[in-house]
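> This one is final.txt, compact mmCIF, C-alpha atoms.
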# COMPACT_ATOMS: atom_id res chain seq x y z
CA MET X 69 175.37 136.44 99.76
CA SER X 70 174.16 133.59 97.63
CA ARG X 71 170.63 132.01 98.00
CA ARG X 72 170.31 128.29 97.41
CA GLY X 73 167.13 127.16 95.50
CA PHE X 74 165.27 123.81 95.24
CA THR X 75 166.85 121.03 93.33
CA LEU X 76 164.98 119.23 90.54
CA ALA X 77 164.68 116.10 92.68
CA GLU X 78 163.09 118.07 95.50
CA LEU X 79 160.60 119.64 93.12
CA LEU X 80 159.69 116.24 91.70
CA VAL X 81 159.18 114.77 95.19
CA ALA X 82 157.03 117.74 96.19
CA MET X 83 154.90 117.40 93.03
CA VAL X 84 154.43 113.68 93.63
CA VAL X 85 153.39 114.26 97.25
CA MET X 86 150.97 117.02 96.24
CA SER X 87 149.53 114.82 93.49
CA VAL X 88 148.95 111.94 95.91
CA LEU X 89 147.29 114.24 98.42
CA GLY X 90 145.19 115.83 95.67
CA LEU X 91 144.04 112.46 94.36
CA ALA X 92 143.19 111.33 97.89
CA LEU X 93 141.17 114.50 98.47
CA VAL X 94 139.36 114.03 95.15
CA GLN X 95 138.52 110.42 96.07
CA VAL X 96 137.17 111.55 99.42
CA LEU X 97 135.02 114.20 97.76
CA ILE X 98 133.75 111.75 95.15
CA GLY X 99 133.02 109.14 97.82
CA ASN X 100 131.09 111.68 99.88
CA ALA X 101 129.12 112.78 96.81
CA HIS X 102 128.25 109.15 96.00
CA PHE X 103 127.24 108.50 99.62
CA VAL X 104 124.95 111.54 99.72
CA SER X 105 123.46 110.60 96.35
CA ARG X 106 122.78 107.03 97.54
CA GLN X 107 121.22 108.30 100.77
CA ASP X 108 118.95 110.67 98.87
CA ALA X 109 117.96 107.83 96.51
CA MET X 110 117.34 105.50 99.48
CA MET X 111 115.07 108.10 101.07
CA ASP X 112 113.21 108.47 97.78
CA ALA X 113 112.69 104.70 97.50
CA ARG X 114 111.65 104.40 101.15
CA LEU X 115 109.05 107.17 100.80
CA THR X 116 107.54 105.35 97.82
CA ALA X 117 107.28 102.07 99.72
CA ARG X 118 105.82 103.71 102.83
CA ALA X 119 103.27 105.71 100.84
CA ALA X 120 102.00 102.49 99.27
CA MET X 121 101.88 100.68 102.63
CA TYR X 122 99.87 103.41 104.36
CA ALA X 123 97.45 103.61 101.41
CA MET X 124 96.76 99.86 101.46
CA LEU X 125 96.55 99.15 105.20
CA ASN X 126 93.11 100.68 105.80
CA ASP X 127 91.55 98.64 103.00
CA LEU X 128 93.27 95.30 103.52
CA GLN X 129 92.86 95.11 107.31
CA GLU X 130 89.07 95.30 106.95
CA VAL X 131 88.74 92.29 104.63
CA GLY X 132 86.39 89.69 106.07
CA ASP X 133 85.01 86.27 105.17
CA GLY X 134 84.81 85.86 101.42
CA GLY X 135 86.37 89.30 100.98
CA LEU X 136 89.35 88.19 98.86
CA LEU X 137 87.82 88.03 95.39
CA ALA X 138 90.90 87.52 93.20
CA ALA X 139 94.63 87.24 93.79
CA SER X 140 97.88 86.90 91.89
CA ARG X 141 101.49 87.99 92.31
CA ASP X 142 100.73 91.31 90.62
CA SER X 143 97.23 92.16 91.86
CA VAL X 144 94.63 91.53 94.57
CA THR X 145 90.92 92.32 94.53
CA VAL X 146 89.10 92.64 97.85
CA ARG X 147 85.68 93.56 99.14
CA VAL X 148 86.07 96.28 101.78
CA PRO X 149 83.43 97.60 104.22
CA TYR X 150 83.34 101.39 104.45
CA ALA X 151 80.08 102.33 106.24
CA PHE X 152 77.96 100.80 109.03
CA GLY X 153 74.43 101.35 110.29
CA MET X 154 70.94 100.02 111.04
CA LEU X 155 68.15 99.27 108.57
CA CYS X 156 64.75 100.89 108.77
CA GLY X 157 61.64 99.89 106.82
CA THR X 158 61.18 99.30 103.10
CA SER X 159 58.82 101.17 100.83
CA GLY X 160 58.62 101.24 97.07
CA GLY X 161 61.46 98.72 96.76
CA VAL X 162 63.89 101.01 98.60
CA THR X 163 65.11 100.20 102.12
CA THR X 164 66.11 103.17 104.25
CA GLY X 165 69.27 102.79 106.30
CA SER X 166 70.59 104.95 109.13
CA LEU X 167 74.39 105.22 108.85
CA LEU X 168 76.81 105.83 111.68
CA PRO X 169 79.18 108.79 111.17
CA VAL X 170 81.58 108.08 108.34
CA ASP X 171 84.45 110.02 106.79
CA SER X 172 82.86 112.30 104.20
CA LEU X 173 85.63 111.78 101.63
CA THR X 174 85.45 108.00 101.98
CA TYR X 175 81.70 108.04 101.53
CA ALA X 176 81.79 110.47 98.60
CA THR X 177 84.36 108.44 96.65
CA ALA X 178 82.96 104.99 97.44
CA LEU X 179 81.27 102.84 94.77
CA PRO X 180 78.95 100.55 96.78
CA ASP X 181 78.88 96.98 95.52
CA SER X 182 77.10 94.96 98.20
CA ILE X 183 75.51 95.06 101.63
CA ALA X 184 76.04 92.61 104.49
CA ILE X 185 72.96 92.26 106.72
CA ARG X 186 73.09 90.63 110.12
CA THR X 187 70.52 87.90 110.57
CA ALA X 188 68.66 87.02 113.77
CA ALA X 189 71.00 84.01 114.18
CA GLY X 190 74.08 86.29 114.23
CA PRO X 191 75.98 85.79 110.93
CA TYR X 192 75.99 88.42 108.21
CA VAL X 193 74.47 87.61 104.82
CA MET X 194 75.91 89.35 101.77
CA GLN X 195 73.49 90.75 99.15
CA ARG X 196 74.14 92.77 96.02
CA LEU X 197 73.11 96.43 95.78
CA THR X 198 71.40 97.92 92.76
CA SER X 199 71.87 101.48 93.93
CA VAL X 200 72.46 103.73 96.94
CA SER X 201 70.53 106.99 96.78
CA GLY X 202 70.67 110.15 98.80
CA THR X 203 66.88 110.50 98.95
CA PRO X 204 65.66 107.95 101.51
CA ASN X 205 62.23 107.88 103.15
CA GLN X 206 62.75 109.31 106.62
CA GLY X 207 59.32 108.13 107.65
CA ASP X 208 60.51 104.51 107.44
CA CYS X 209 62.94 105.18 110.29
CA THR X 210 60.55 107.34 112.31
CA ALA X 211 57.91 104.59 112.21
CA ASP X 212 60.44 102.11 113.63
CA SER X 213 61.80 104.53 116.25
CA ILE X 214 65.23 104.51 114.61
CA ARG X 215 66.98 107.86 114.76
CA VAL X 216 69.92 109.37 112.93
CA VAL X 217 72.89 109.67 115.28
CA PRO X 218 74.76 113.02 115.28
CA GLY X 219 77.05 113.11 112.29
CA GLY X 220 75.25 110.22 110.60
CA ARG X 221 72.94 110.19 107.60
CA LEU X 222 70.07 108.35 105.97
CA VAL X 223 70.50 106.48 102.67
CA GLY X 224 68.09 104.69 100.36
CA LEU X 225 69.21 101.15 99.46
CA ALA X 226 67.92 99.17 96.48
CA ILE X 227 68.79 95.61 97.56
CA GLN X 228 68.59 92.56 95.30
CA GLY X 229 66.61 89.86 97.06
CA PRO X 230 63.97 89.81 99.79
CA SER X 231 63.36 92.90 101.90
CA PRO X 232 65.46 92.80 105.10
CA ALA X 233 64.01 93.03 108.59
CA SER X 234 63.81 96.45 110.18
CA GLY X 235 66.35 96.97 112.94
CA ALA X 236 68.99 94.71 111.39
CA LEU X 237 72.60 95.87 111.50
CA PHE X 238 74.39 96.23 108.16
CA PHE X 239 77.57 97.44 106.50
CA LEU X 240 78.15 98.67 102.97
CA SER X 241 81.10 97.35 100.97
CA GLN X 242 82.97 98.32 97.84
CA VAL X 243 85.34 96.36 95.61
CA VAL X 244 88.95 97.57 95.55
CA THR X 245 91.78 96.28 93.35
CA TYR X 246 95.49 96.95 93.89
CA ARG X 247 97.77 96.16 90.96
CA PHE X 248 101.44 96.57 90.08
CA MET X 249 101.65 97.71 86.45
CA ALA X 250 103.25 100.29 84.16
CA SER X 251 103.54 103.70 85.77
CA VAL X 252 102.27 106.91 84.20
CA ALA X 253 103.91 109.21 86.76
CA VAL X 254 107.34 107.68 86.06
CA PRO X 255 107.29 106.34 82.47
CA GLY X 256 109.08 103.07 81.87
CA ARG X 257 108.85 102.02 85.52
CA VAL X 258 106.41 100.06 87.73
CA GLY X 259 103.68 101.77 89.74
CA LEU X 260 101.03 100.65 92.23
CA TRP X 261 97.47 101.37 91.10
CA ARG X 262 94.21 101.36 93.05
CA ARG X 263 90.88 100.80 91.32
CA VAL X 264 87.54 101.24 93.06
CA GLY X 265 84.60 99.26 91.71
CA SER X 266 84.27 96.24 89.50
CA THR X 267 85.16 96.01 85.82
CA GLY X 268 82.19 98.18 84.97
CA HIS X 269 83.64 101.03 87.05
CA PRO X 270 87.26 101.53 85.91
CA ASP X 271 87.98 104.33 88.38
CA SER X 272 91.77 103.93 88.75
CA ASN X 273 94.48 106.11 90.21
CA GLU X 274 98.20 105.62 90.69
CA VAL X 275 99.01 105.38 94.40
CA ALA X 276 102.82 105.45 94.33
CA ALA X 277 105.76 104.98 91.96
CA PRO X 278 108.29 103.78 91.07
CA PHE X 279 108.82 100.25 92.36
CA ASP X 280 111.47 97.66 91.67
CA SER X 281 110.39 94.92 89.27
CA SER X 282 110.48 92.43 92.17
CA ALA X 283 107.55 94.16 93.96
CA ARG X 284 104.62 91.75 94.34
CA PHE X 285 102.08 90.17 96.70
CA ALA X 286 102.65 87.03 98.77
CA PHE X 287 99.89 85.17 100.61
CA LEU X 288 99.64 84.19 104.28
CA MET X 289 97.92 80.84 104.54
CA GLN X 290 95.88 79.41 107.43
CA ARG X 291 96.78 79.85 111.11
CA ASP X 292 100.55 79.49 110.80
CA LEU X 293 100.64 82.40 108.32
CA ALA X 294 103.06 80.49 106.09
CA HIS X 295 103.71 82.74 103.12
CA VAL X 296 103.36 81.60 99.51
CA ASP X 297 104.96 83.78 96.85
CA GLN X 298 105.46 81.41 93.92
CA ARG X 299 101.78 81.09 93.06
CA ALA X 300 101.19 82.87 89.75
CA THR X 301 97.43 82.79 90.28
CA PHE X 302 94.79 80.78 92.08
CA SER X 303 93.82 78.46 89.25
CA GLY X 304 91.55 75.46 88.94
CA GLY X 305 87.78 75.07 88.80
CA PRO X 306 85.38 77.39 90.65
CA GLN X 307 85.39 75.25 93.81
CA GLN X 308 89.19 74.84 93.85
CA LYS X 309 89.71 78.55 93.27
CA LEU X 310 87.24 79.44 96.03
CA ALA X 311 88.94 77.04 98.45
CA ALA X 312 92.35 78.52 97.67
CA LEU X 313 91.17 82.10 98.13
CA ASP X 314 89.32 81.14 101.28
CA SER X 315 92.50 79.74 102.87
CA VAL X 316 94.32 83.08 102.60
CA ARG X 317 94.39 84.81 105.95
CA GLY X 318 96.41 87.84 104.94
CA LEU X 319 99.01 89.29 102.62
CA GLU X 320 102.72 89.98 102.72
CA LEU X 321 103.23 93.19 100.76
CA ARG X 322 106.54 92.99 98.92
CA LEU X 323 106.78 96.76 98.54
CA THR X 324 110.28 97.12 97.12
CA GLY X 325 110.39 100.81 96.35
CA ALA X 326 112.88 102.32 93.92
CA SER X 327 114.37 105.77 93.46
CA VAL X 328 113.35 107.85 90.46
CA ALA X 329 116.96 108.64 89.51
CA THR X 330 120.03 106.43 89.53
CA PRO X 331 122.42 107.60 92.27
CA GLN X 332 125.93 108.71 91.35
CA GLY X 333 128.34 105.80 90.91
CA ALA X 334 125.53 103.20 90.62
CA SER X 335 124.31 101.29 87.58
CA ARG X 336 120.62 101.15 88.54
CA PRO X 337 118.11 102.99 90.76
CA GLN X 338 118.38 102.48 94.51
CA ALA X 339 115.93 99.94 96.00
CA PHE X 340 114.38 99.82 99.47
CA ALA X 341 112.63 96.60 100.61
CA LEU X 342 109.60 97.11 102.88
CA TRP X 343 107.68 93.85 103.45
CA PRO X 344 104.88 94.38 105.99
CA ARG X 345 102.40 91.60 106.76
CA VAL X 346 98.70 92.43 106.86
CA THR X 347 96.19 89.96 108.32
CA PHE X 348 92.49 90.02 107.48
CA ARG X 349 91.24 90.79 110.97
CA ASN X 350 87.55 90.29 110.14
CA LYS X 351 87.91 86.66 109.03
CA THR X 352 86.35 84.03 111.29
CA TYR X 353 87.78 80.60 112.02
CA VAL X 354 86.33 77.42 113.45
CA ALA X 355 89.02 74.97 114.66
CA ASP X 356 91.67 75.15 111.90
CA SER X 357 89.34 75.86 109.03
CA LEU X 358 88.08 79.15 107.67
CA VAL X 359 84.33 79.60 107.58
CA TYR X 360 83.17 81.22 104.34
Re-express the file's structure as structure tokens.


Amino acid sequence: MSRRGFTLAELLVAMVVMSVLGLALVQVLIGNAHFVSRQDAMMDARLTARAAMYAMLNDLQEVGDGGLLAASRDSVTVRVPYAFGMLCGTSGGVTTGSLLPVDSLTYATALPDSIAIRTAAGPYVMQRLTSVSGTPNQGDCTADSIRVVPGGRLVGLAIQGPSPASGALFFLSQVVTYRFMASVAVPGRVGLWRRVGSTGHPDSNEVAAPFDSSARFAFLMQRDLAHVDQRATFSGGPQQKLAALDSVRGLELRLTGASVATPQGASRPQAFALWPRVTFRNKTYVADSLVY
């Protein structure tokens, strides 16, 4: 009994079919690998943008009148309140203040720059601080029947200017700068940095990285919150610069995060655009004009 085999044509057809199926399977596997790689890179970029947003919100939401000190597309400098309380008496050039409970880490890492004291008429007046000590005179508060609330503390304040009235409410502020500049954590890329204190206190740390080169700050102006993102800086004379800064009611954070690695099949790192708007909730307005 003879057994018939495959002809050459049949073998060629079978090989072609198998090759097509194999190539299709390889394309599916490659496509899935690229998709997973892009998703991982997108997650990486999104985490970077969200980390920066959460870090900045607490500071920027507390900005009040005159609190925006400098602004450009790459950086903003703000004065941020971090502790509140009531003033006691003054002795030896040091005013004792009774603070409400405050986060211990926030207080320990703060670099106090100024104090805002509420006047009898209602508005707060900003004054510079020479120092904040941990050795206040408790007798100044006892004499004025001002107690330390549970969880609070007493501080000694060396205030530039006339001695404030006992019983006045106050809050302590520090200067904070956020800037997009070269990253140390991811060399060759852009990072977001936070600096506490003025130029004399260069205490900087990198908040998050990396970001796309398009990451920047835009400015929300007046009541309609129209955003301005083409302004390189607020230029002009002192009065013009002050007026421009004073018209900013908030910021649009162009937090375009980027992945550390380039996903498979792509030519550049994956980007994720997160653009939250933050208004300065402690600013006061009269009619359509901002009161400084």

> At what distance in Å, to one decimal, does CA of Gly135 (chain X) lie from CA of Ala312 (chain X)?

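Between these atoms lies a distance of 12.8 Å.
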
> May I have the residues within 9 Å of Ser231 (chain X) as a compact mmCIF listing (two decimals) with C-alpha atoms, in the frame of the given file, using only C-alpha atoms and disregarding those fewer than 3 positions away in the same chain?


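Written file, out_11.txt:
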# COMPACT_ATOMS: atom_id res chain seq x y z
CA GLY X 157 61.64 99.89 106.82
CA THR X 158 61.18 99.30 103.10
CA GLY X 161 61.46 98.72 96.76
CA VAL X 162 63.89 101.01 98.60
CA THR X 163 65.11 100.20 102.12
CA ILE X 227 68.79 95.61 97.56
CA GLN X 228 68.59 92.56 95.30

> Do you know which residues lie at most 12 Å from (108.9, 105.3, 83.2), with coordinates as in the file and all atoms listed in the file counted, and could you write them as number ranges by chain?

X: 249-259, 277-280, 326-329

> So how many Å separate CA of Arg336 (chain X) and CA of Glu320 (chain X), to one decimal?

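Those two atoms sit 25.4 Å apart.
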
> Residues near Thr210 (chain X), anyone? I mean within 10 Å using all atoms listed in the file, not counting same-chain ones fewer than 5 positions away, as a PDB file with C-alpha atoms, in the frame of the given file.


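Written output follows (selection34.pdb):
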ATOM      1  CA  CYS X 156      64.750 100.890 108.770  1.00  0.00           C
ATOM      2  CA  GLY X 157      61.640  99.890 106.820  1.00  0.00           C
ATOM      3  CA  ASN X 205      62.230 107.880 103.150  1.00  0.00           C
ATOM      4  CA  ARG X 215      66.980 107.860 114.760  1.00  0.00           C
ATOM      5  CA  VAL X 216      69.920 109.370 112.930  1.00  0.00           C
TER       6      VAL X 216
END

> Record the distance separating CA of Phe152 (chain X) and CA of Val275 (chain X), expressed in Å with one decimal.

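According to the coordinates, CA of Phe152 (chain X) and CA of Val275 (chain X) are separated by 26.0 Å.
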
> Kindly indicate which residue among X:Ala178, X:Val316, X:Ala151, X:Ala226 lies nearest to Gln195 (chain X), using all atoms listed in the file for the distances.

X:Ala226

> Which is closest to Gly165 (chain X) among X:Glu78, X:Asp208, X:Asp314, X:Asp108, if we use all atoms listed in the file?

X:Asp208

> So, with only C-alpha atoms as the atoms that count, which of X:Phe103, X:Ser166, X:Leu89, X:Val131 lies closest to Val144 (chain X)?

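Of the candidates, the smallest distance to Val144 (chain X) is held by X:Val131.
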
> Using only C-alpha atoms and a cutoff of 10 Å, can you tell me which residues are near (79.0, 92.0, 111.8) in the file's coordinates, and write them out as a PyMOL selection string?

chain X and resi 132+152+184-187+190-193+237-239+350

> Would you give the centre and edge lengths, in Å to one decimal, of a box along x, y and z around the listed atoms of region 135-145 of chain X, with 3 Å added to each side, as JSON?


{"center_x": 93.9, "center_y": 89.6, "center_z": 95.8, "size_x": 21.1, "size_y": 11.4, "size_z": 16.4}

> Using all atoms listed in the file, can you tell me which of X:Leu260, X:Met289, X:Ala189, X:Leu313 comes closest to Glu274 (chain X)?

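The shortest atom-to-atom distance to Glu274 (chain X) comes from X:Leu260.
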
> Under the rule that all atoms listed in the file are counted, which of X:Met110, X:Asp181, X:Gly219, X:Leu155 is the nearest residue to Gln206 (chain X)?

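With all atoms listed in the file as the atom set, the closest residue is X:Leu155.
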